[in-house]
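> Got a file for you: upload.cif, mmCIF, C-alpha atoms (C1' of nucleotides).
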data_model
loop_
_atom_site.group_PDB
_atom_site.id
_atom_site.type_symbol
_atom_site.label_atom_id
_atom_site.label_comp_id
_atom_site.auth_asym_id
_atom_site.auth_seq_id
_atom_site.Cartn_x
_atom_site.Cartn_y
_atom_site.Cartn_z
ATOM 1 C CA MET A 1 0.019 -6.813 -8.524
ATOM 2 C CA ALA A 2 -1.205 -10.249 -8.297
ATOM 3 C CA ARG A 3 -2.099 -12.936 -10.756
ATOM 4 C CA GLU A 4 -1.002 -10.592 -13.497
ATOM 5 C CA LYS A 5 0.809 -7.318 -13.616
ATOM 6 C CA ILE A 6 -1.512 -4.500 -14.620
ATOM 7 C CA GLN A 7 -0.943 -1.132 -16.212
ATOM 8 C CA ILE A 8 -1.914 1.945 -14.259
ATOM 9 C CA ARG A 9 -4.639 3.381 -16.467
ATOM 10 C CA LYS A 10 -8.392 3.625 -16.151
ATOM 11 C CA ILE A 11 -10.078 0.231 -15.981
ATOM 12 C CA ASP A 12 -12.591 0.159 -18.811
ATOM 13 C CA ASN A 13 -14.926 -2.538 -17.527
ATOM 14 C CA THR A 14 -17.315 -0.945 -15.051
ATOM 15 C CA THR A 15 -17.763 -3.997 -12.850
ATOM 16 C CA ALA A 16 -14.044 -4.694 -12.687
ATOM 17 C CA ARG A 17 -13.396 -1.027 -11.927
ATOM 18 C CA GLN A 18 -15.858 -1.072 -9.021
ATOM 19 C CA VAL A 19 -14.337 -4.238 -7.600
ATOM 20 C CA THR A 20 -10.841 -2.787 -7.784
ATOM 21 C CA PHE A 21 -12.087 0.454 -6.251
ATOM 22 C CA SER A 22 -13.489 -1.367 -3.226
ATOM 23 C CA LYS A 23 -10.373 -3.445 -2.703
ATOM 24 C CA ARG A 24 -7.842 -0.666 -3.164
ATOM 25 C CA ARG A 25 -9.839 1.870 -1.188
ATOM 26 C CA ARG A 26 -9.685 -0.436 1.831
ATOM 27 C CA GLY A 27 -5.980 -0.968 1.311
ATOM 28 C CA LEU A 28 -5.350 2.762 1.075
ATOM 29 C CA PHE A 29 -7.274 3.486 4.274
ATOM 30 C CA LYS A 30 -5.343 0.784 6.084
ATOM 31 C CA LYS A 31 -1.998 2.195 4.926
ATOM 32 C CA ALA A 32 -3.100 5.699 5.940
ATOM 33 C CA GLU A 33 -3.957 4.506 9.432
ATOM 34 C CA GLU A 34 -0.694 2.588 9.769
ATOM 35 C CA LEU A 35 1.299 5.670 8.795
ATOM 36 C CA ALA A 36 -0.574 7.771 11.334
ATOM 37 C CA ILE A 37 0.066 5.295 14.137
ATOM 38 C CA LEU A 38 3.632 4.265 13.336
ATOM 39 C CA CYS A 39 4.862 7.780 12.709
ATOM 40 C CA ASP A 40 2.589 9.777 14.992
ATOM 41 C CA ALA A 41 1.312 11.770 12.025
ATOM 42 C CA GLN A 42 -2.019 13.390 11.280
ATOM 43 C CA VAL A 43 -3.581 12.018 8.129
ATOM 44 C CA GLY A 44 -6.710 13.018 6.243
ATOM 45 C CA LEU A 45 -7.910 11.163 3.150
ATOM 46 C CA ILE A 46 -10.940 11.929 1.047
ATOM 47 C CA ILE A 47 -12.145 9.982 -1.968
ATOM 48 C CA PHE A 48 -14.972 10.563 -4.396
ATOM 49 C CA SER A 49 -15.766 7.509 -6.487
ATOM 50 C CA SER A 50 -16.482 7.931 -10.183
ATOM 51 C CA THR A 51 -20.177 7.720 -9.249
ATOM 52 C CA GLY A 52 -19.774 10.620 -6.840
ATOM 53 C CA LYS A 53 -19.916 8.653 -3.602
ATOM 54 C CA LEU A 54 -17.790 9.999 -0.757
ATOM 55 C CA PHE A 55 -15.368 7.998 1.387
ATOM 56 C CA GLU A 56 -13.125 9.537 3.982
ATOM 57 C CA TYR A 57 -10.600 8.748 6.682
ATOM 58 C CA SER A 58 -8.986 10.859 9.313
ATOM 59 C CA SER A 59 -6.573 9.891 12.039
ATOM 60 C CA THR A 60 -8.255 10.942 15.255
ATOM 61 C CA ARG A 61 -6.502 13.370 17.519
ATOM 62 C CA MET B 1 6.368 -6.169 6.278
ATOM 63 C CA ALA B 2 9.837 -7.013 5.281
ATOM 64 C CA ARG B 3 12.800 -8.496 7.046
ATOM 65 C CA GLU B 4 10.604 -8.786 10.104
ATOM 66 C CA LYS B 5 6.974 -8.350 10.873
ATOM 67 C CA ILE B 6 6.327 -5.205 12.886
ATOM 68 C CA GLN B 7 3.557 -4.178 15.242
ATOM 69 C CA ILE B 8 1.462 -1.174 14.314
ATOM 70 C CA ARG B 9 2.242 1.176 17.164
ATOM 71 C CA LYS B 10 4.221 4.379 17.435
ATOM 72 C CA ILE B 11 7.901 3.879 16.608
ATOM 73 C CA ASP B 12 9.819 5.088 19.635
ATOM 74 C CA ASN B 13 13.178 5.781 18.019
ATOM 75 C CA THR B 14 13.025 9.202 16.397
ATOM 76 C CA THR B 15 15.407 8.432 13.555
ATOM 77 C CA ALA B 16 13.717 5.151 12.710
ATOM 78 C CA ARG B 17 10.336 6.876 12.842
ATOM 79 C CA GLN B 18 11.458 9.548 10.396
ATOM 80 C CA VAL B 19 12.879 6.968 8.010
ATOM 81 C CA THR B 20 9.660 4.969 8.081
ATOM 82 C CA PHE B 21 7.631 8.164 7.638
ATOM 83 C CA SER B 22 9.500 9.070 4.459
ATOM 84 C CA LYS B 23 9.195 5.612 2.961
ATOM 85 C CA ARG B 24 5.568 5.010 3.831
ATOM 86 C CA ARG B 25 4.479 8.505 2.878
ATOM 87 C CA ARG B 26 5.806 7.905 -0.627
ATOM 88 C CA GLY B 27 4.095 4.531 -0.765
ATOM 89 C CA LEU B 28 0.805 6.035 0.345
ATOM 90 C CA PHE B 29 0.942 8.795 -2.276
ATOM 91 C CA LYS B 30 1.697 6.233 -4.955
ATOM 92 C CA LYS B 31 -1.259 4.075 -3.934
ATOM 93 C CA ALA B 32 -3.508 7.142 -3.839
ATOM 94 C CA GLU B 33 -2.538 8.068 -7.372
ATOM 95 C CA GLU B 34 -3.004 4.524 -8.641
ATOM 96 C CA LEU B 35 -6.498 4.389 -7.166
ATOM 97 C CA ALA B 36 -7.382 7.702 -8.792
ATOM 98 C CA ILE B 37 -6.177 6.574 -12.210
ATOM 99 C CA LEU B 38 -7.382 2.972 -12.193
ATOM 100 C CA CYS B 39 -10.822 3.765 -10.836
ATOM 101 C CA ASP B 40 -11.337 7.281 -12.192
ATOM 102 C CA ALA B 41 -11.769 8.615 -8.670
ATOM 103 C CA GLN B 42 -10.956 11.945 -7.090
ATOM 104 C CA VAL B 43 -8.520 11.600 -4.224
ATOM 105 C CA GLY B 44 -7.190 14.119 -1.733
ATOM 106 C CA LEU B 45 -4.596 13.237 0.879
ATOM 107 C CA ILE B 46 -3.110 15.504 3.501
ATOM 108 C CA ILE B 47 -0.449 14.582 6.030
ATOM 109 C CA PHE B 48 1.110 16.497 8.889
ATOM 110 C CA SER B 49 4.267 14.896 10.212
ATOM 111 C CA SER B 50 4.851 14.733 13.938
ATOM 112 C CA THR B 51 7.098 17.770 13.494
ATOM 113 C CA GLY B 52 4.248 19.694 11.898
ATOM 114 C CA LYS B 53 5.449 19.570 8.314
ATOM 115 C CA LEU B 54 2.747 19.381 5.652
ATOM 116 C CA PHE B 55 2.593 16.939 2.742
ATOM 117 C CA GLU B 56 -0.306 16.698 0.359
ATOM 118 C CA TYR B 57 -1.556 14.975 -2.758
ATOM 119 C CA SER B 58 -4.552 15.539 -4.937
ATOM 120 C CA SER B 59 -5.581 13.825 -8.118
ATOM 121 C CA THR B 60 -5.894 16.560 -10.684
ATOM 122 C CA ARG B 61 -9.216 17.076 -12.410
ATOM 123 C "C1'" DC C 1 -23.248 -9.806 -5.549
ATOM 124 C "C1'" DA C 2 -20.015 -9.824 -1.649
ATOM 125 C "C1'" DG C 3 -16.371 -12.747 -0.249
ATOM 126 C "C1'" DC C 4 -12.818 -16.333 -0.446
ATOM 127 C "C1'" DC C 5 -8.553 -18.161 -2.682
ATOM 128 C "C1'" DT C 6 -3.833 -17.915 -4.061
ATOM 129 C "C1'" DA C 7 -0.215 -17.037 -7.345
ATOM 130 C "C1'" DT C 8 2.169 -13.153 -8.048
ATOM 131 C "C1'" DT C 9 3.392 -8.402 -7.705
ATOM 132 C "C1'" DT C 10 4.446 -4.730 -4.670
ATOM 133 C "C1'" DA C 11 5.781 -2.487 -0.382
ATOM 134 C "C1'" DT C 12 8.927 -2.289 3.027
ATOM 135 C "C1'" DA C 13 12.088 -3.517 7.649
ATOM 136 C "C1'" DA C 14 16.429 -4.498 8.383
ATOM 137 C "C1'" DT C 15 20.915 -4.501 6.615
ATOM 138 C "C1'" DT C 16 24.696 -2.932 3.994
ATOM 139 C "C1'" DT C 17 27.283 0.515 1.644
ATOM 140 C "C1'" DT D 1 23.720 9.573 7.489
ATOM 141 C "C1'" DA D 2 21.264 9.079 3.035
ATOM 142 C "C1'" DA D 3 20.818 5.752 -0.543
ATOM 143 C "C1'" DA D 4 20.844 1.068 -2.290
ATOM 144 C "C1'" DT D 5 20.006 -3.752 -1.431
ATOM 145 C "C1'" DT D 6 17.425 -7.741 -0.249
ATOM 146 C "C1'" DA D 7 14.683 -10.948 2.247
ATOM 147 C "C1'" DT D 8 10.179 -11.120 3.701
ATOM 148 C "C1'" DA D 9 5.503 -9.389 4.849
ATOM 149 C "C1'" DA D 10 1.550 -7.447 2.750
ATOM 150 C "C1'" DA D 11 -1.502 -6.165 -1.042
ATOM 151 C "C1'" DT D 12 -3.952 -7.589 -4.763
ATOM 152 C "C1'" DA D 13 -5.670 -9.410 -9.953
ATOM 153 C "C1'" DG D 14 -8.111 -12.689 -11.649
ATOM 154 C "C1'" DG D 15 -10.771 -16.711 -10.789
ATOM 155 C "C1'" DC D 16 -14.242 -19.018 -8.266
ATOM 156 C "C1'" DT D 17 -18.339 -19.446 -5.274
#
Reformat the file's structure so that it appears as structure tokens.


Amino acid sequence: MAREKIQIRKIDNTTARQVTFSKRRRGLFKKAEELAILCDAQVGLIIFSSTGKLFEYSSTR
Amino acid sequence: MAREKIQIRKIDNTTARQVTFSKRRRGLFKKAEELAILCDAQVGLIIFSSTGKLFEYSSTR
DNA sequence: CAGCCTATTTATAATTT
DNA sequence: TAAATTATAAATAGGCT
């Protein structure tokens, strides 16, 4: 999306991949929360990074 | 986001809420898949609409 | 490294068909 | 009303600090 258009395939460079993971993970969580609020939906999101670390989101009920 | 900026709170109008749900649900699934591919992560996403309908995504392993 | 910057791509709210 | 359009808000890739 930004300075250059990218292809959707695994990012080879480890550092770049971790940076993108952090940025996009935050964006995904934000979008999940917005959907839950705007549309009164229940949303659960679980992510395991390539290093096995867990991240999760759930819209509270 | 688009023609006008909106506030993130429950959309009162039922029809408008359903339209937004369909559009944003697709966007969220797309972003989830992109994160999984770009960053080699495992992602699971589960959504229950306000009418109780289930939608889910999982990055295949 | 964790954040900031910003040009550009992408998502999407309102409108039109 | 569902689908397409389009103007604009939002996300973000690469660079910099």

> Evaluate the PyMOL selection byres ((chain A) within 7 of (chain B)) here and jot the selected residues down as a list of chain:residue names.

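So the PyMOL selection byres ((chain A) within 7 of (chain B)), applied here, picks out A:Ile8, A:Arg9, A:Lys10, A:Ile11, A:Arg17, A:Phe21, A:Arg24, A:Leu28, A:Lys31, A:Ala32, A:Glu34, A:Leu35, A:Ile37, A:Leu38, A:Cys39, A:Asp40, A:Ala41, A:Gln42, A:Val43, A:Gly44, A:Leu45, A:Ile46, A:Ile47, A:Phe48, A:Ser49, A:Ser50.
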
> Report the residues retrieved by the PyMOL selection byres ((chain C and resi 11) around 8) from the displayed file, expressed as a compact mmCIF listing (two decimals) with C-alpha atoms (C1' of nucleotides), keeping the file's coordinate frame.


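See part_1.txt below for the written result:
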# COMPACT_ATOMS: atom_id res chain seq x y z
CA MET B 1 6.37 -6.17 6.28
CA GLY B 27 4.10 4.53 -0.76
C1' DT C 10 4.45 -4.73 -4.67
C1' DT C 12 8.93 -2.29 3.03
C1' DA D 10 1.55 -7.45 2.75

> To one decimal in Å, tell me the separation between C1' of DT6 in chain D and CA of Arg26 in chain B.

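One can read the C1' of DT6 in chain D to CA of Arg26 in chain B distance as 19.5 Å.
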
> Find the smallest box with edges along x, y and z containing every listed atom of range 39-49 of chain A, then add 3 Å on each side and report centre and edge lengths in Å to one decimal, as AutoDock Vina command-line options.


--center_x -5.5 --center_y 10.4 --center_z 4.3 --size_x 26.6 --size_y 11.9 --size_z 27.5

> Just how far from C1' of DT8 in chain D is C1' of DT17 in chain C, in Å to one decimal?

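Separating C1' of DT17 in chain C from C1' of DT8 in chain D is a distance of 20.8 Å.
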
> Quote the spacing between CA of Thr60 in chain A and C1' of DA9 in chain D in Å to one decimal place.

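The value is 26.7 Å.
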
> I'd like to see the residues matched by the PyMOL selection byres ((chain B) within 8 of (chain D)) on this file, and ideally I'd get them as a list of chain:residue names.

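Selected by the PyMOL selection byres ((chain B) within 8 of (chain D)) in this file: B:Met1, B:Ala2, B:Arg3, B:Glu4, B:Lys5.
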
> Would you save the residues of that selection, restricted to C-alpha atoms, as a tab-separated table (two decimals), in the frame of the given file?


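Wrote it out as result_33.tsv, contents follow:
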chain	number	residue	atom	x	y	z
B	1	MET	CA	6.37	-6.17	6.28
B	2	ALA	CA	9.84	-7.01	5.28
B	3	ARG	CA	12.80	-8.50	7.05
B	4	GLU	CA	10.60	-8.79	10.10
B	5	LYS	CA	6.97	-8.35	10.87

> Identify every residue of chain C that has at least one atom within 9 Å of any atom of chain A, counting all atoms listed in the file, and report the result as an MDAnalysis selection string.

chainID C and resid 6:10
